[in-house]
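This report refers to the structure that appears directly beneath it.
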Amino acid sequence: MVPKYNPQEIEKRWQARWEADRLYEVHENSERPKWYALTMFPYTSGDLHIGHWYAMAPSDVHARFKRMQGYNVLHPIGFDAFGLPAENAAIKHGIHPYKWTMRNIEKMRHQLKSIGAMYDWSREVITCQPEYYKWTQWFFLKLYEAGLAYRGKAPANWCPQCKTVLANEQVVGEGVCERCGTPVTRKDLEQWFFRITRYADELMEHRDIEWPERVKLMQRNWVGKSVGVEISFGIEGLKDEEIRVFTTRPDTIFGVTFMVFAPEHPLVAGLTTPEHKKEVQDYIERTRAQTEIERLSTEKRKTGVFIGAYAINKLNGERVPIWIADYVLLSYGTGAVMGVPAHDQRDFEFALDYGLQIKLVIASPAWSGEPLREAYTESGTMVNSGQFNGLPNEQGKEAVADFLESKGWGKRTMSYRLRDWLISRQRYWGAPIPMVYCPRCGIVPVPEKDLPVLLPEDAEFKPTGESPLKYCKSFVNTSCPKCRGHAQRETDTMDTFMCSNWYFLRYTSPHYDKGPFDPRKIAYWMPVDQYTGGAEHAVMHLFYARFFNKAIRDLGLVKFDEPFTRLFNQGTVVSGGAKMSKSRGNVVTPDEYVSRLGADTVRAYLMFVGPWDMGGGWDDSGISGIWRWLNRVWNLVFEEQKAENLPPIDKATENELRRITHKTIKKVAEDYEKFRFNTMLAFLMEYTNYLVKLKEGRKVDNAAWQEAIDTLLLLLAPSVPHLAEEMWERTGHKYSIHNQPFPSWDENLVVEEMITLVIQVNGKLRDKVTAPASIDESEARELALASERVRAHTDGKKIKDVIYVPGRLVNIVV
């Protein structure tokens with residue numbers, strides 16, 4: 001009698017056994033090569049939905065595969081536990097953020113364990129625990145000592161009604177405060193920054209790492225390096241003053257017809273003439289209410305205001321009106337740009353809107369003096385450009401730059417879009433910035449021996465959006481580490497990306513207390529061999545973590561340049577045609593399916609919905625198909641043959657069985673390696689069907705059949721670990737299947753048998769090609785149509801039909 005497949009009982013039992021045996025705890029073992037497999041750790045939102053499982057289960061499958069390949073695999077898990085949602089929950093539900101967070105972690109820990117992943121739970125990291133954020137603060141002090149952390153002014157969202165700073169998430173709708181509905185403005189505050197710009201060039205390089213090209217491109221664009229010239233313009237009426245602008249197009253200098261400042265530019269106030277002051281001030285106030293994203297939007301019409309002053313173009317002596325416009329940012333370049341409407345489409349549209357001159361200085365070969373209908377941005381010949389007339393503009397770029405440098409009016413340089421990382425957050429639930437403000441000594445770092453600076457438990461959470469730390473006297477009031485006089489603590493906390501900058505380092509030695517990590521264990525495990533997570537983190541977490549690694553490398557704390565050697569980005573699971581999210585109300589919770597069908601079914605279905613890097617749609621009928629397949633595998637292994645007089649497996653069938661078994665091993669192994677989980681499962685389903693059919697027609701009692709069944713279980717083990725473990729034990733094998741090596745294949749058995757395929761056109765022989773014996777009709781058709789000899793008879797003709805005789809010929813009818 002076939003034992004019943006009961007996934008709930010099986011999974012619960014094996015998870016308990018693995019945990020009791022500490023099967024997945026790893027140690028620094030030099031006998032096997034190390035493999036650090038890391039999945040981006042989850043935020044403590046309280047519930048895992050199928051979207052979380054889609055990130056975690058397939059990555060666990062790959063880690064299990066590497067373990068079976070003979071690697072010493074570290075596959076840790078932890079929790080990204082600081083952040084605004086916990087603080088909002090404290091206000092909404094009257095519960096301390098720590099209690100809310102730890103309650104969520106307990107629930108998520110249970111859900112994560114139900115996946116059946118090979119996480120080493122002994123290395124769990126929780127970023128809101130003092131033993132973790134003590135070292136986050138220690139890193140801040142080290143960056144401060146190295147001149148990489150500094151305090152400066154930066155605009156923040158400000159609600160004039162609540163009189164408080166708001167996080168971006170608290171600005172809703174058309175830029176209003178989520179609590180009172182008042183329009184939000186921008187206010188300059190002293191805040192903390194990291195000098196990420198010091199590493200701009202290195203962050204553009206991705207040497208010796210295997211990352212998706214789109215992520216590397218996003219990071220290069222985020223840095224936004226431009227090579228050009230910084231040019232000096234005079235200011236009418238101010239002999240000793242100048243305006244410096246950066247341009248990548250010095251060849252267009254004679255086409256400048258206006259200058260645009262960022263509204264925040266320090267020269268604006270002094271240069272604005274009295275009759276323009278009110279209009280200019282009103283425009284500045286409107287600009288401050290916009291985010292940088294809104295200001296840079298390519299979809300909105302560009303606006304600006306003339307300030308009444310003029311710059312002087314030193315190359316031709318022309319007066320250039322000075323405007324302010326919201327699309328120019330003080331933080332990029334010099335905060336001033338030269339307007340060349342004839343050769344920049346944005347400037348062209350601005351000039352049309354405000355009636356400014358459009359002066360062509362680069363002519364196309366076809367230009368005959370007519371007005372431009374749009375900016376001309378291609379190569380051409382310099383005209384209306386003084387001594388540079390007639391030069392090809394690419395040559396003119398160098399000639400103008402040489403002339404400017406010889407006159408002292410400019411210099412070749414580089415500009416970057418990247419700005420220093422603002423890490424200050426005006427909220428409670430984050431790692432406190434370990435700095436003190438003393439009336440006598442100024443800004444003083446907290447001594448390392450006094451770390452961690454603990455978050456106070458008696459902070460009061462008010463529905464004003466303000467950080468409770470500001471009003472917590474027991475936290476704010478302290479003594480100066482230098483003079484011991486009265487001082488106040490910094491009340492800003494750190495951006496949570498600071499916590500995720502180094503969590504993967506802490507995993508290597510989570511209980512080490514002499515530093516953030518044990519240097520010997522870092523030397524063994526780092527860098528991470530395989531990192532998996534969403535591409536949406538390309539210019540945030542992944543970018544910041546690379547910067548942080550390079551910074552602490554320069555401090556001598558680590559010896560490697562990059563934290564993550566390989567990166568794979570999974571796609572997303574959609575439900576109802578949209579990405580799963582709580583805000584959309586379309587999340588699918590895994591708990592129901594795990595309790596009904598088992599974790600292995602959910603794991604396998606998530607890998608089968610589509611290519612892992614592209615994602616797929618959740619469908620209940622699809623998961624039912626996976627459930628039926630796993631039951632079929634179970635029955636294949638345990639169901640006794642009923643027919644008594646079946647013929648035995650003969651030599652030819654045995655050879656075929658071994659050949660198909662080894663081909664399956666090769667295909668599955670290659671797909672596991674390359675994260676092609678959907679096709680890997682398709683091969684295993686094919687293999688299952690073949691074995692079922694063979695069992696129905698032959699007596700299966702020889703070594704080849706046993707090898708085939710053992711192989712099937714071993715190939716399944718990374719994907720459906722509980723089911724594979726159960727079947728492995730029930731078939732009389734030694735515990736555990738997850739300690740077994742992954743099957744290897746015999747190259748002699750996977751070499752394709754080849755045939756000669758005849759190709760005809762209208763019944764006449766035109767070519768003969770060698771092809772695998774397993775070639776199917778679509779592959780044969782493609783091969784035939786690609787033949788050069790055949791194309792000589794088909795090009796320019798209509799193909800009416802393609803007739804395929806399996807294993808023999810293709811006849812193309814034209």
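Going by the structure tokens order, chains are called A, B, ..., each with residues numbered from 1, while ligands are numbered from 1 in the order shown.
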
- Please, which residues of stretch 481-605 of chain A, numbered as in this document, come out alpha helix (DSSP H) from DSSP, as a VMD selection string? chain A and resid 497 to 500 503 to 506 519 to 525 541 to 554 590 to 597 599 to 605

Please write the residues from the selection above to a file, keeping N, CA and C atoms, as a short mmCIF file (atom, residue, chain, number, x, y, z; two decimals), in the first residue's frame.
data_model
loop_
_atom_site.label_atom_id
_atom_site.label_comp_id
_atom_site.auth_asym_id
_atom_site.auth_seq_id
_atom_site.Cartn_x
_atom_site.Cartn_y
_atom_site.Cartn_z
N PHE A 497 19.68 52.96 5.90
CA PHE A 497 20.63 52.36 4.96
C PHE A 497 22.01 52.23 5.59
N MET A 498 22.29 53.03 6.63
CA MET A 498 23.55 52.87 7.34
C MET A 498 23.60 51.51 8.03
N CYS A 499 22.46 51.05 8.54
CA CYS A 499 22.41 49.74 9.19
C CYS A 499 22.61 48.62 8.19
N SER A 500 22.02 48.76 6.99
CA SER A 500 22.15 47.70 5.98
C SER A 500 23.46 47.79 5.21
N TYR A 503 25.42 44.78 7.51
CA TYR A 503 24.84 43.62 8.19
C TYR A 503 25.46 42.31 7.72
N PHE A 504 25.85 42.26 6.46
CA PHE A 504 26.47 41.05 5.90
C PHE A 504 27.85 40.80 6.50
N LEU A 505 28.50 41.85 6.99
CA LEU A 505 29.77 41.68 7.68
C LEU A 505 29.54 41.09 9.08
N ARG A 506 28.48 41.54 9.73
CA ARG A 506 28.17 41.07 11.09
C ARG A 506 27.76 39.61 11.09
N PRO A 519 38.03 39.89 12.53
CA PRO A 519 38.82 40.03 11.29
C PRO A 519 39.16 38.69 10.64
N ARG A 520 39.39 37.65 11.46
CA ARG A 520 39.74 36.34 10.88
C ARG A 520 38.56 35.75 10.12
N LYS A 521 37.35 35.95 10.64
CA LYS A 521 36.18 35.38 9.98
C LYS A 521 35.78 36.19 8.75
N ILE A 522 36.03 37.49 8.83
CA ILE A 522 35.82 38.32 7.63
C ILE A 522 36.76 37.86 6.52
N ALA A 523 38.00 37.58 6.89
CA ALA A 523 38.99 37.14 5.90
C ALA A 523 38.57 35.82 5.26
N TYR A 524 37.88 34.97 6.03
CA TYR A 524 37.45 33.67 5.49
C TYR A 524 36.22 33.82 4.60
N TRP A 525 35.18 34.55 5.06
CA TRP A 525 33.88 34.54 4.37
C TRP A 525 33.72 35.61 3.29
N HIS A 541 20.50 50.93 -1.52
CA HIS A 541 21.28 49.99 -0.69
C HIS A 541 22.54 49.49 -1.39
N LEU A 542 22.42 49.02 -2.63
CA LEU A 542 23.58 48.44 -3.31
C LEU A 542 24.67 49.48 -3.54
N PHE A 543 24.25 50.70 -3.78
CA PHE A 543 25.19 51.80 -4.03
C PHE A 543 25.87 52.22 -2.71
N TYR A 544 25.06 52.42 -1.68
CA TYR A 544 25.60 52.84 -0.39
C TYR A 544 26.52 51.78 0.21
N ALA A 545 26.15 50.50 0.06
CA ALA A 545 26.97 49.43 0.63
C ALA A 545 28.34 49.38 -0.05
N ARG A 546 28.38 49.64 -1.34
CA ARG A 546 29.66 49.67 -2.05
C ARG A 546 30.52 50.83 -1.55
N PHE A 547 29.90 52.01 -1.40
CA PHE A 547 30.63 53.15 -0.86
C PHE A 547 31.20 52.83 0.52
N PHE A 548 30.35 52.29 1.39
CA PHE A 548 30.75 52.01 2.77
C PHE A 548 31.91 51.03 2.79
N ASN A 549 31.85 49.99 1.95
CA ASN A 549 32.92 49.00 1.91
C ASN A 549 34.24 49.65 1.51
N LYS A 550 34.19 50.54 0.52
CA LYS A 550 35.41 51.19 0.05
C LYS A 550 35.96 52.14 1.13
N ALA A 551 35.05 52.79 1.85
CA ALA A 551 35.49 53.70 2.91
C ALA A 551 36.18 52.94 4.04
N ILE A 552 35.59 51.83 4.50
CA ILE A 552 36.22 51.11 5.61
C ILE A 552 37.45 50.33 5.13
N ARG A 553 37.51 50.04 3.83
CA ARG A 553 38.75 49.48 3.27
C ARG A 553 39.88 50.48 3.44
N ASP A 554 39.59 51.74 3.12
CA ASP A 554 40.61 52.78 3.24
C ASP A 554 40.97 53.07 4.69
N PRO A 590 1.33 33.33 2.26
CA PRO A 590 1.73 31.94 2.04
C PRO A 590 1.17 30.96 3.06
N ASP A 591 0.82 31.45 4.26
CA ASP A 591 0.45 30.56 5.36
C ASP A 591 -0.67 29.59 4.98
N GLU A 592 -1.69 30.11 4.30
CA GLU A 592 -2.84 29.28 3.92
C GLU A 592 -2.40 28.14 3.00
N TYR A 593 -1.55 28.45 2.02
CA TYR A 593 -1.12 27.45 1.05
C TYR A 593 -0.16 26.45 1.69
N VAL A 594 0.68 26.93 2.61
CA VAL A 594 1.60 26.03 3.31
C VAL A 594 0.82 25.03 4.15
N SER A 595 -0.22 25.51 4.85
CA SER A 595 -1.01 24.61 5.71
C SER A 595 -1.83 23.62 4.88
N ARG A 596 -2.15 23.98 3.65
CA ARG A 596 -3.01 23.11 2.83
C ARG A 596 -2.19 22.22 1.89
N LEU A 597 -1.17 22.80 1.25
CA LEU A 597 -0.42 22.06 0.22
C LEU A 597 1.03 21.79 0.60
N ALA A 599 4.94 23.59 2.19
CA ALA A 599 5.94 24.58 1.76
C ALA A 599 6.63 24.16 0.47
N ASP A 600 6.88 22.86 0.32
CA ASP A 600 7.56 22.40 -0.90
C ASP A 600 6.76 22.73 -2.15
N THR A 601 5.44 22.60 -2.08
CA THR A 601 4.60 22.93 -3.23
C THR A 601 4.70 24.41 -3.54
N VAL A 602 4.67 25.25 -2.50
CA VAL A 602 4.77 26.70 -2.71
C VAL A 602 6.13 27.06 -3.29
N ARG A 603 7.20 26.48 -2.74
CA ARG A 603 8.55 26.73 -3.24
C ARG A 603 8.64 26.39 -4.73
N ALA A 604 8.18 25.18 -5.07
CA ALA A 604 8.30 24.73 -6.46
C ALA A 604 7.46 25.58 -7.39
N TYR A 605 6.25 25.97 -6.94
CA TYR A 605 5.40 26.77 -7.82
C TYR A 605 6.02 28.14 -8.08
#

- Task: Write out as a list in words which residues come within 7 Å of stretch 280-286 of chain A when counting only C-alpha atoms, dropping same-chain ones fewer than 3 positions away.
- Result: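 My list of contacting residues is Pro263, His276, Lys277, Ala289, Val305 and Ile307 of chain A.
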
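Neighbours of stretch 780-783 of chain A closer than or equal to 10 Å, with only C-alpha atoms counted and sequence neighbours fewer than 4 positions away skipped, come out as Leu757, Ile759, Val769, Thr770, Ala771, Pro772, Ile775, Asp776, Ser787, Val802, Ile803, Tyr804, Val805, Pro806, Gly807, Leu809, Val810, Asn811 and Ile812 of chain A.
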
- Using only C-alpha atoms, the residue out of A:Ala325, A:Asp420, A:Ile77, A:Phe742 with shortest distance to A:Thr127 is A:Ile77

- Message: Measuring between only C-alpha atoms, which one of A:Ile623, A:Val229, A:Ala708, A:Ala784 shows the shortest distance to A:Thr252?
- Response: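 Counting only C-alpha atoms, the residue closest to A:Thr252 is A:Val229.
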
- Apply DSSP to the structure's backbone, then extract all residues of stretch 77-215 of chain A labelled strand (DSSP E) and return them as a ChimeraX atom specification. /A:78-79,125-126,149-159,164-166,171-172,176-177,185-194

- Go ahead and compute the interatomic distance for atom CA of A:Thr688 and atom CA of A:Trp629, in Å to one decimal. 8.5 Å

- Please measure the separation of atom CA of A:Gln760 and atom CA of A:Val813, giving the value in Å to one decimal.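 Distance between the two atoms: 8.5 Å.
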
- A:Cys180, A:Val637, A:Val260, A:Ala431: which is nearest A:Gln129, counting only C-alpha atoms? A:Ala431
